[in-house]
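Comments concern the structure below.
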Amino acid sequence: MTRLKTIASLLLITLSVSAKDYVITDYGVRNDSTRLQTEAIQKIIDKASLEGGGKIVVPQGTFLTGALFFKPGTTLSLEQGAVLKGSDNIDHYPLMPSRMEGHNLYYYPALINAYHVDGFTIEGPGTLNGNGRKFWREFWERRAQARKEGRECTNLEVHRPRLMFIWGCDGVKISGVKFINSGFWTTHFYQCDDLLIEDCEMRTPPRPTRCPSTDAVDLDVCRRVTIRGCYFSTDDDGVCIKGGKGTFAQKGRENGSVEDVLVEGCTFGPNLHGILTMGSECIHARNITLRDCKVETGCTILRLKMRPDTYQIYENITIDGVTGKCGSVIEMKPWAQFFNLEGDGEKPFGTVRDITVRNVDVKCKSFGIMEGKPDDRVSSITFSNVHVQADSDTFRDAYQEETRMENVTINGKPIKYKD
């Protein structure tokens, strides 16, 4: 079955390469940032798919649209100066089967969607603009109201779209595209294998309104992923590893591991909360490498979120070659946001093993922290050739017996532990 799918994927890619271009302005779509043209653009996508596949070309100009759904054989090309601008009316994103925060559920689609479109590609240098300011403001207003009511506001209470959602597509390539102003997560890939993201920019502004939960790249049950040459500065995680959440998440067929991920040659900007994060919706991350990257931010290079209501495994994770300025090198600690323990007698724990951080030279606030829950199992942590200039010269590590330090200094001196 896998071989047949591979052959089908290659055939679709071949057809896409040889298929014709569909320039949207040749089919009645106007360069108008105020006129909603979802239906007209979708008809072009559908026509291209029915005619054997083709490239949907967006020329220079700004085109306002709601959710678009790419079909088998279709790809997207954003030419220089081209902008697909998302509507800020949630009614233009109809509820449908989707995936959010580690669960399969009905939710609002993204601006750009592809469900089971193997070989799907998006090429730049144009822009996808989520036009998210209205959604950000609604979130902060709802959060303030929730506090007055004495409760915590969840991310899903304010209905807002992602910028791109790709589900069940193998052989995807995203190249040279600018992603800006997403209402929610910027790009979300679910059940995708053999994914390449290169030379892209993903940004949301720090002011005048913060842009909550606009993660740059969310990898959710994905394998064999390469992310290279990109710039990320969004208001949350840069690259976030997901896969499922909940006490019995590891048993659900819709959930799974994220494996064989390489992030290289990327720059991480000032608006981030984490550079590489094993997320609050992650049950198994394996073979994850970040190397030869620059940091220009105040957040942590490697974050390991340990959920007390979810069984988690983080293994064979490598940071190799990071320079610049950041908040800390590592942060591992319990993450209890939206805690929900299901089932009597269950005591979920985390397993963290074979973590390597090497060849890091940064200025930061502190080296970091490594703490977990009492039942977590932590082993084989190695720091090698790590040199930091920091405000604090201590490191809080609850797993000193499992941590190996080789040529590690803070402010030019051997590392000191803090109880």
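Residues are named by chain letter and number: chains run A, B, ... in the order of the structure tokens, numbers start at 1 in each chain, and ligands are numbered from 1 in the order shown.
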
If we count only C-alpha atoms and set the cut-off at 8 Å, which residues sit around Glu402 of chain A, ignoring sequence neighbours fewer than 5 positions away in its own chain? Please answer as a VMD selection string.
chain A and resid 378 to 381

Taking only C-alpha atoms into account, produce a table as a tab-separated table in which each residue of segment 302-384 of chain A with an atom at most 8 Å from an atom of segment 288-296 of chain A appears once, together with its shortest atom pair and the distance in Å to one decimal, ordered by chain and rising number.
```
residue	atom	partner	partner_atom	distance
A:Asn316	CA	A:Ile288	CA	6.6
A:Ile317	CA	A:Ile288	CA	4.8
A:Thr318	CA	A:Thr289	CA	4.7
A:Ile319	CA	A:Leu290	CA	5.0
A:Asp320	CA	A:Arg291	CA	4.6
A:Gly321	CA	A:Asp292	CA	4.5
A:Val322	CA	A:Cys293	CA	5.0
A:Thr323	CA	A:Lys294	CA	5.1
A:Gly324	CA	A:Val295	CA	4.9
A:Lys325	CA	A:Glu296	CA	5.1
A:Cys326	CA	A:Val295	CA	6.2
```

List as a ChimeraX atom specification the protein and nucleic acid residues near Glu346 of chain A, meaning an atom at most 12 Å away when only C-alpha atoms are counted, but skip any in the same chain fewer than 6 places from it.
/A:246-248,308-311,340

Would you mind listing what lies within 9 Å of Lys178 of chain A as a ChimeraX atom specification, with only C-alpha atoms counted and same-chain residues fewer than 5 positions away left out?
/A:124-129,200-203

Name the residues of segment 21-106 of chain A that fall into helix (DSSP H, G or I) according to DSSP on the backbone, using the chain letters and numbers of this document, as a count of residues only.
20

Non-local contacts of Met278 of chain A (9 Å; only C-alpha atoms; under 6 positions in same chain excluded) as a list in words:
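The residues that qualify are Val239, Cys240, Ile241, Lys242, His284, Ala285, Leu302, Arg303, Leu304, Lys305, Met306 and Tyr314 of chain A.
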
Quick one: write out the picked residues with N, CA, C and O atoms as an mmCIF file, in the first residue's frame?
```cif
data_model
loop_
_atom_site.group_PDB
_atom_site.id
_atom_site.type_symbol
_atom_site.label_atom_id
_atom_site.label_comp_id
_atom_site.auth_asym_id
_atom_site.auth_seq_id
_atom_site.Cartn_x
_atom_site.Cartn_y
_atom_site.Cartn_z
ATOM 1 N N VAL A 239 9.552 26.561 15.860
ATOM 2 C CA VAL A 239 9.210 25.221 15.376
ATOM 3 C C VAL A 239 8.693 24.439 16.572
ATOM 4 O O VAL A 239 9.409 24.252 17.560
ATOM 5 N N CYS A 240 7.447 23.990 16.481
ATOM 6 C CA CYS A 240 6.796 23.321 17.603
ATOM 7 C C CYS A 240 6.416 21.893 17.203
ATOM 8 O O CYS A 240 5.786 21.680 16.164
ATOM 9 N N ILE A 241 6.808 20.935 18.048
ATOM 10 C CA ILE A 241 6.525 19.529 17.796
ATOM 11 C C ILE A 241 5.259 19.143 18.546
ATOM 12 O O ILE A 241 5.168 19.296 19.773
ATOM 13 N N LYS A 242 4.267 18.636 17.805
ATOM 14 C CA LYS A 242 2.978 18.267 18.386
ATOM 15 C C LYS A 242 2.726 16.774 18.171
ATOM 16 O O LYS A 242 3.663 16.024 17.972
ATOM 17 N N HIS A 284 5.186 12.019 21.432
ATOM 18 C CA HIS A 284 6.447 11.340 21.096
ATOM 19 C C HIS A 284 7.202 12.157 20.047
ATOM 20 O O HIS A 284 6.718 12.329 18.929
ATOM 21 N N ALA A 285 8.376 12.641 20.438
ATOM 22 C CA ALA A 285 9.273 13.344 19.512
ATOM 23 C C ALA A 285 10.568 12.553 19.439
ATOM 24 O O ALA A 285 11.182 12.268 20.479
ATOM 25 N N LEU A 302 15.846 25.472 23.477
ATOM 26 C CA LEU A 302 15.166 24.177 23.527
ATOM 27 C C LEU A 302 14.210 24.147 24.702
ATOM 28 O O LEU A 302 14.613 24.240 25.861
ATOM 29 N N ARG A 303 12.900 23.996 24.389
ATOM 30 C CA ARG A 303 11.870 23.904 25.424
ATOM 31 C C ARG A 303 11.293 22.493 25.433
ATOM 32 O O ARG A 303 10.910 21.959 24.379
ATOM 33 N N LEU A 304 11.211 21.912 26.622
ATOM 34 C CA LEU A 304 10.611 20.592 26.800
ATOM 35 C C LEU A 304 9.450 20.752 27.777
ATOM 36 O O LEU A 304 9.649 20.888 28.986
ATOM 37 N N LYS A 305 8.236 20.756 27.255
ATOM 38 C CA LYS A 305 7.048 20.926 28.099
ATOM 39 C C LYS A 305 6.593 19.548 28.596
ATOM 40 O O LYS A 305 6.303 18.660 27.799
ATOM 41 N N MET A 306 6.518 19.404 29.914
ATOM 42 C CA MET A 306 6.184 18.120 30.519
ATOM 43 C C MET A 306 4.758 18.182 31.069
ATOM 44 O O MET A 306 4.508 18.739 32.139
ATOM 45 N N TYR A 314 10.366 12.138 24.771
ATOM 46 C CA TYR A 314 11.230 13.018 23.990
ATOM 47 C C TYR A 314 12.596 12.342 23.917
ATOM 48 O O TYR A 314 13.269 12.187 24.938
#
```

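Minimum atom-to-atom distance to Thr74 of chain A, evaluated using only C-alpha atoms, belongs to A:Gln42 out of A:Leu196, A:Met96, A:Gly86, A:Gln42.
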
Find the residues around segment 166-169 of chain A up to 7 Å (only C-alpha atoms counted), leave out those fewer than 5 positions away in its own chain, and share them as JSON, numbers by chain.
{"A": [113, 114, 115, 116, 117, 118, 188, 189, 190, 191, 192]}

Distance criterion (only C-alpha atoms): nearest to Asn385 of chain A out of A:Thr409, A:Thr297, A:Ser366, A:Asn271
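For Asn385 of chain A, the nearest of the candidates is A:Thr409.
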
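Remark: for Trp140 of chain A, the closest of the candidate residues A:Glu371, A:Glu157, A:Asp391, A:Glu254 is A:Glu157 (distances computed over only C-alpha atoms).
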
Nearest candidate to Arg396 of chain A (options A:Lys333, A:Lys363, A:Arg353, A:His273; using only C-alpha atoms)
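Among the listed residues, the smallest separation from Arg396 of chain A belongs to A:Lys333.
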
Among segment 76-270 of chain A, which residues carry a DSSP assignment of strand (DSSP E or B), reported as a count of residues only?
78

Using only C-alpha atoms, which residues sit within 7 Å of Thr186 of chain A once same-chain residues fewer than 4 positions away are excluded, as a PyMOL selection string?
chain A and resi 162-164+182+214-217

Would you work out the distance separating atom CA of Gly274 of chain A from atom CA of Arg210 of chain A, expressed in Å to one decimal?
15.8 Å
